[in-house]
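The file final-v5.cif comes next; it holds mmCIF, C-alpha atoms.
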```
data_model
loop_
_atom_site.label_atom_id
_atom_site.label_comp_id
_atom_site.auth_asym_id
_atom_site.auth_seq_id
_atom_site.Cartn_x
_atom_site.Cartn_y
_atom_site.Cartn_z
CA MET A 1 8.64 9.84 2.79
CA SER A 2 11.37 7.20 2.99
CA ASN A 3 11.99 5.17 6.13
CA PHE A 4 15.51 4.32 5.02
CA PRO A 5 17.89 5.04 7.95
CA VAL A 6 20.12 8.08 7.52
CA LEU A 7 23.69 7.90 8.84
CA ASP A 8 25.81 10.80 10.04
CA GLU A 9 27.98 11.52 7.01
CA GLN A 10 30.96 12.95 8.88
CA ALA A 11 31.02 9.99 11.25
CA ALA A 12 30.86 7.64 8.25
CA ARG A 13 33.80 9.45 6.62
CA GLU A 14 35.88 9.14 9.78
CA GLU A 15 35.05 5.46 10.16
CA ILE A 16 36.00 4.77 6.54
CA CYS A 17 39.42 6.29 7.22
CA GLN A 18 39.80 4.18 10.37
CA VAL A 19 38.90 1.02 8.48
CA GLY A 20 41.27 1.98 5.66
CA ARG A 21 44.14 2.26 8.13
CA ARG A 22 43.24 -1.12 9.64
CA LEU A 23 43.17 -2.80 6.21
CA TYR A 24 46.54 -1.24 5.40
CA ASP A 25 48.11 -2.14 8.75
CA LEU A 26 46.90 -5.75 8.48
CA PHE A 27 48.34 -5.93 4.93
CA LEU A 28 44.95 -6.73 3.47
CA VAL A 29 45.73 -3.95 0.98
CA ALA A 30 48.99 -2.42 -0.23
CA ALA A 31 49.86 0.86 -1.94
CA ASN A 32 46.60 2.25 -3.42
CA ASP A 33 44.73 -1.08 -3.52
CA GLY A 34 41.16 -1.62 -2.44
CA ASN A 35 38.14 0.57 -1.82
CA ILE A 36 35.56 1.16 0.90
CA SER A 37 32.06 2.63 0.80
CA VAL A 38 29.18 3.39 3.14
CA ARG A 39 25.58 4.03 2.11
CA VAL A 40 24.70 7.09 4.20
CA ASN A 41 21.10 7.40 3.07
CA GLU A 42 18.66 6.01 0.53
CA ASN A 43 20.27 7.80 -2.41
CA GLU A 44 23.93 8.49 -1.53
CA ILE A 45 27.13 6.65 -0.74
CA VAL A 46 30.46 7.94 0.56
CA MET A 47 33.45 6.13 -0.95
CA THR A 48 37.21 6.10 -1.14
CA PRO A 49 38.47 7.78 -4.33
CA THR A 50 40.77 6.32 -6.95
CA ASN A 51 44.55 6.32 -6.58
CA ILE A 52 44.84 6.90 -2.85
CA SER A 53 46.35 4.70 -0.13
CA LYS A 54 43.78 3.40 2.31
CA GLY A 55 46.34 3.85 5.08
CA PHE A 56 46.72 7.60 4.61
CA MET A 57 43.27 9.04 3.94
CA THR A 58 41.46 11.94 5.57
CA PRO A 59 37.67 12.38 5.67
CA ASP A 60 37.91 15.18 3.11
CA ASP A 61 39.57 12.83 0.60
CA LEU A 62 36.39 10.79 0.20
CA VAL A 63 33.89 11.28 -2.60
CA LYS A 64 30.11 11.19 -2.51
CA LEU A 65 28.07 9.50 -5.23
CA ASP A 66 24.45 8.80 -5.97
CA LEU A 67 23.23 5.24 -6.51
CA ASP A 68 23.66 5.63 -10.26
CA GLY A 69 27.36 6.32 -9.76
CA ASN A 70 27.19 10.04 -10.50
CA LEU A 71 29.61 12.24 -8.59
CA ILE A 72 27.96 14.56 -6.06
CA SER A 73 31.05 15.95 -4.34
CA ASN A 74 34.80 15.33 -4.27
CA ASN A 75 36.31 18.37 -2.52
CA GLY A 76 37.39 19.53 -5.96
CA VAL A 77 40.29 17.09 -6.05
CA HIS A 78 39.69 13.35 -6.29
CA LYS A 79 38.04 11.14 -8.87
CA ALA A 80 35.61 8.37 -8.03
CA SER A 81 37.01 4.85 -8.06
CA SER A 82 36.29 2.81 -11.16
CA GLU A 83 35.25 0.03 -8.74
CA ARG A 84 32.23 2.08 -7.66
CA ARG A 85 30.16 -0.03 -10.02
CA MET A 86 30.85 -3.17 -7.98
CA HIS A 87 29.85 -1.41 -4.75
CA LEU A 88 26.68 -0.06 -6.34
CA ALA A 89 25.77 -3.53 -7.60
CA VAL A 90 25.95 -4.84 -4.03
CA TYR A 91 23.72 -2.02 -2.76
CA ARG A 92 21.19 -2.63 -5.51
CA GLU A 93 20.99 -6.35 -4.73
CA ARG A 94 20.99 -6.06 -0.92
CA GLU A 95 18.95 -3.34 0.78
CA ASP A 96 20.21 -4.56 4.14
CA VAL A 97 23.81 -3.74 3.22
CA ARG A 98 25.14 -0.36 4.31
CA ALA A 99 28.88 -0.88 3.72
CA VAL A 100 31.18 -2.61 1.24
CA VAL A 101 34.89 -3.39 1.55
CA HIS A 102 37.04 -4.53 -1.37
CA ALA A 103 40.59 -5.64 -0.60
CA HIS A 104 43.37 -7.99 -1.69
CA PRO A 105 43.92 -10.18 1.40
CA PRO A 106 46.96 -12.28 0.43
CA THR A 107 45.83 -15.78 1.37
CA ALA A 108 42.22 -15.38 0.33
CA THR A 109 43.32 -13.79 -2.94
CA GLY A 110 45.58 -16.79 -3.47
CA PHE A 111 42.47 -18.96 -3.30
CA ALA A 112 40.79 -16.67 -5.84
CA VAL A 113 43.78 -16.97 -8.17
CA ALA A 114 43.78 -20.76 -7.76
CA ASN A 115 39.99 -20.83 -8.34
CA VAL A 116 39.44 -22.62 -5.01
CA SER A 117 36.26 -21.60 -3.21
CA LEU A 118 35.89 -21.49 0.55
CA ASP A 119 32.39 -22.85 0.12
CA GLN A 120 32.28 -25.75 2.58
CA PRO A 121 31.76 -25.53 6.37
CA PHE A 122 35.04 -26.43 8.04
CA LEU A 123 34.76 -24.08 11.06
CA PRO A 124 31.78 -22.93 13.15
CA GLU A 125 32.67 -19.36 12.12
CA VAL A 126 32.06 -20.25 8.48
CA VAL A 127 28.48 -21.13 9.40
CA VAL A 128 27.63 -18.45 11.95
CA ARG A 129 29.71 -15.43 10.90
CA ALA A 130 30.76 -14.47 7.37
CA GLY A 131 29.47 -17.65 5.72
CA VAL A 132 30.93 -19.54 2.82
CA ALA A 133 32.76 -17.66 0.07
CA PRO A 134 32.60 -18.90 -3.51
CA VAL A 135 34.96 -17.81 -6.27
CA VAL A 136 33.30 -15.49 -8.78
CA PRO A 137 34.78 -16.16 -12.24
CA TYR A 138 37.30 -13.57 -13.39
CA ALA A 139 35.96 -10.39 -14.95
CA ILE A 140 38.04 -7.42 -16.01
CA PRO A 141 37.87 -4.69 -13.34
CA GLY A 142 36.88 -1.09 -13.87
CA GLY A 143 33.79 -1.53 -16.03
CA GLU A 144 30.45 -3.31 -15.99
CA GLU A 145 31.91 -6.80 -16.35
CA LEU A 146 32.92 -7.22 -12.71
CA PRO A 147 29.68 -5.95 -11.13
CA ASN A 148 27.67 -8.07 -13.54
CA SER A 149 29.72 -11.13 -12.56
CA ILE A 150 28.99 -10.80 -8.83
CA VAL A 151 25.23 -10.20 -9.08
CA PRO A 152 24.26 -13.92 -9.06
CA TYR A 153 26.21 -14.42 -5.81
CA VAL A 154 25.50 -11.30 -3.74
CA LYS A 155 22.13 -12.21 -2.24
CA ASP A 156 23.28 -15.54 -0.81
CA HIS A 157 26.71 -14.57 0.55
CA ASN A 158 28.38 -11.89 2.66
CA SER A 159 31.84 -12.26 1.18
CA LEU A 160 33.09 -13.28 -2.24
CA LEU A 161 36.41 -14.30 -3.73
CA LEU A 162 36.95 -12.46 -7.01
CA GLY A 163 38.71 -14.66 -9.54
CA ASN A 164 42.31 -13.50 -10.20
CA HIS A 165 41.56 -10.27 -8.38
CA GLY A 166 40.84 -10.14 -4.64
CA ALA A 167 37.82 -10.23 -2.37
CA VAL A 168 34.76 -8.20 -1.49
CA ALA A 169 32.81 -8.27 1.78
CA TYR A 170 29.75 -6.35 2.91
CA GLY A 171 27.31 -6.01 5.77
CA PRO A 172 24.75 -3.86 7.60
CA THR A 173 27.55 -1.76 9.13
CA LEU A 174 31.08 -0.92 8.10
CA ARG A 175 32.39 -2.87 11.07
CA ASP A 176 30.44 -5.93 9.90
CA ALA A 177 31.89 -5.58 6.40
CA LEU A 178 35.42 -5.23 7.81
CA PHE A 179 34.98 -8.24 10.11
CA ASN A 180 33.67 -10.31 7.22
CA MET A 181 36.83 -9.44 5.27
CA GLU A 182 39.09 -10.24 8.22
CA THR A 183 37.27 -13.53 8.82
CA LEU A 184 37.56 -14.48 5.15
CA GLU A 185 41.34 -14.04 5.26
CA LEU A 186 41.69 -15.93 8.56
CA ASN A 187 39.53 -18.78 7.25
CA ALA A 188 41.70 -18.97 4.13
CA ARG A 189 44.84 -19.22 6.24
CA ILE A 190 43.35 -21.96 8.42
CA PHE A 191 42.10 -23.91 5.40
CA LEU A 192 45.52 -23.67 3.75
CA VAL A 193 47.28 -25.03 6.85
CA ALA A 194 44.81 -27.93 7.08
CA HIS A 195 45.34 -28.66 3.39
CA GLN A 196 49.10 -28.68 3.88
CA LEU A 197 48.69 -31.09 6.79
CA GLY A 198 46.92 -33.43 4.42
CA HIS A 199 43.30 -33.54 5.58
CA ILE A 200 40.31 -31.24 6.00
CA GLU A 201 37.54 -32.43 8.30
CA TYR A 202 34.37 -30.70 7.16
CA LEU A 203 31.40 -30.24 9.45
CA ASN A 204 28.57 -32.61 8.56
CA GLU A 205 24.96 -31.61 7.92
CA ALA A 206 23.84 -32.39 11.47
CA GLN A 207 26.65 -30.27 12.93
CA VAL A 208 25.83 -27.38 10.60
CA GLU A 209 22.13 -27.56 11.47
CA ALA A 210 22.93 -27.60 15.20
CA LEU A 211 25.01 -24.45 14.80
CA ARG A 212 22.23 -22.72 12.88
CA GLU A 213 19.68 -23.61 15.53
CA ARG A 214 21.89 -22.44 18.38
CA TYR A 215 22.95 -19.16 16.79
CA GLY A 216 19.80 -18.40 14.78
CA CYS A 217 21.53 -18.16 11.42
#
```

So that I can check it, write out the structure of this file as structure tokens.
Amino acid sequence: MSNFPVLDEQAAREEICQVGRRLYDLFLVAANDGNISVRVNENEIVMTPTNISKGFMTPDDLVKLDLDGNLISNNGVHKASSERRMHLAVYREREDVRAVVHAHPPTATGFAVANVSLDQPFLPEVVVRAGVAPVVPYAIPGGEELPNSIVPYVKDHNSLLLGNHGAVAYGPTLRDALFNMETLELNARIFLVAHQLGHIEYLNEAQVEALRERYGC
């Protein structure tokens, strides 16, 4: 018998809708962009469907899939997102992850388009919260190329910039995944301002180590 924690599916559906509205209101997604998923038990995830605005979802709009990407239920209406493969790749690589958020945060996505990683510690939050975010080389969305491209990065990071595409963040709860996405965008904005001012003062190794010791990260 599995010891994998089981989440309340209805509560997970409601939280996904709440997070979708927050992403939409913060302009981290527009129109029908982005997708959100929660792993509710060892074998099933609940996920936003294709072609629906994250700002206007209801719990019944969401689809349920197994970890092979097969549709379990969709209320007879919606299709599973083609980006499900990326979410499933994260879950396969990280058993500690229970939620994945994919969005197009404007500043962070600008870094992804420019192929500029946020992979150096320039704020304490970069060390103790979401961590550094490298750029994953561009891969065409909607198939196996994108999930295959992120696999080498997933285990060592909690957020990734997707080349010429957007960003993905994940964590042990949906709130953690959302906060990692919000932090990624804020860090990108701060980095951009510092760059425009002409100098970025990175934290040195001793400062990084002191943060890790203090916060246990």

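Selection by the PyMOL selection byres ((chain A and resi 96) around 8) on the present file picks out Arg94, Glu95, Val97, Arg98, Gly171 and Pro172 of chain A.
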
Writing out the chosen residues with C-alpha atoms as a tab-separated table (two decimals), in the frame of the given file:
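This went into out-v3.tsv:
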```tsv
chain	number	residue	atom	x	y	z
A	94	ARG	CA	20.99	-6.06	-0.92
A	95	GLU	CA	18.95	-3.34	0.78
A	97	VAL	CA	23.81	-3.74	3.22
A	98	ARG	CA	25.14	-0.36	4.31
A	171	GLY	CA	27.31	-6.01	5.77
A	172	PRO	CA	24.75	-3.86	7.60
```

Report as a tab-separated table (two decimals) with C-alpha atoms, in the coordinates of the input the full result of the PyMOL selection byres ((chain A and resi 62) around 12) when it is applied to this structure.
```
chain	number	residue	atom	x	y	z
A	9	GLU	CA	27.98	11.52	7.01
A	10	GLN	CA	30.96	12.95	8.88
A	12	ALA	CA	30.86	7.64	8.25
A	13	ARG	CA	33.80	9.45	6.62
A	14	GLU	CA	35.88	9.14	9.78
A	15	GLU	CA	35.05	5.46	10.16
A	16	ILE	CA	36.00	4.77	6.54
A	17	CYS	CA	39.42	6.29	7.22
A	20	GLY	CA	41.27	1.98	5.66
A	35	ASN	CA	38.14	0.57	-1.82
A	36	ILE	CA	35.56	1.16	0.90
A	37	SER	CA	32.06	2.63	0.80
A	38	VAL	CA	29.18	3.39	3.14
A	45	ILE	CA	27.13	6.65	-0.74
A	46	VAL	CA	30.46	7.94	0.56
A	47	MET	CA	33.45	6.13	-0.95
A	48	THR	CA	37.21	6.10	-1.14
A	49	PRO	CA	38.47	7.78	-4.33
A	50	THR	CA	40.77	6.32	-6.95
A	51	ASN	CA	44.55	6.32	-6.58
A	52	ILE	CA	44.84	6.90	-2.85
A	53	SER	CA	46.35	4.70	-0.13
A	54	LYS	CA	43.78	3.40	2.31
A	56	PHE	CA	46.72	7.60	4.61
A	57	MET	CA	43.27	9.04	3.94
A	58	THR	CA	41.46	11.94	5.57
A	59	PRO	CA	37.67	12.38	5.67
A	60	ASP	CA	37.91	15.18	3.11
A	61	ASP	CA	39.57	12.83	0.60
A	63	VAL	CA	33.89	11.28	-2.60
A	64	LYS	CA	30.11	11.19	-2.51
A	65	LEU	CA	28.07	9.50	-5.23
A	71	LEU	CA	29.61	12.24	-8.59
A	72	ILE	CA	27.96	14.56	-6.06
A	73	SER	CA	31.05	15.95	-4.34
A	74	ASN	CA	34.80	15.33	-4.27
A	75	ASN	CA	36.31	18.37	-2.52
A	76	GLY	CA	37.39	19.53	-5.96
A	77	VAL	CA	40.29	17.09	-6.05
A	78	HIS	CA	39.69	13.35	-6.29
A	79	LYS	CA	38.04	11.14	-8.87
A	80	ALA	CA	35.61	8.37	-8.03
A	81	SER	CA	37.01	4.85	-8.06
```

**OP:** Give me, please, the distance in Å between CA of Tyr215 in chain A and CA of Val116 in chain A, quoted to one decimal.
**Re:** 27.6 Å

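One finds CA of Val135 in chain A at 14.6 Å from CA of Lys155 in chain A.
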
**OP:** Tell me which of A:Ala30, A:Glu42, A:Tyr202, A:Asp119 sits closest to Asn3 in chain A, counting all atoms listed in the file.
**Re:**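 Under the stated criterion, the closest residue is A:Glu42.
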
Expected axis-aligned box over every listed atom of range 40-56 of chain A, 6 Å added per side, centre plus edges in Å to one decimal, as JSON:
```
{"center_x": 32.7, "center_y": 5.9, "center_z": -0.9, "size_x": 40.1, "size_y": 17.1, "size_z": 24.0}
```

**OP:** Would you write out, as a VMD selection string, every residue that the PyMOL selection byres ((chain A and resi 67) around 7) captures in this file?
**Re:** chain A and resid 43 to 44 65 to 66 68 to 69 88

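For the set A:Leu184, A:Leu7, A:Ala99, A:Leu146, the residue with the smallest atom-to-atom gap to Pro134 in chain A is A:Leu184, counting only C-alpha atoms.
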
**OP:** Take CA of Val193 in chain A and CA of Ala177 in chain A and report the distance between them in Å, one decimal.
**Re:**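 Distance between the two atoms: 24.8 Å.
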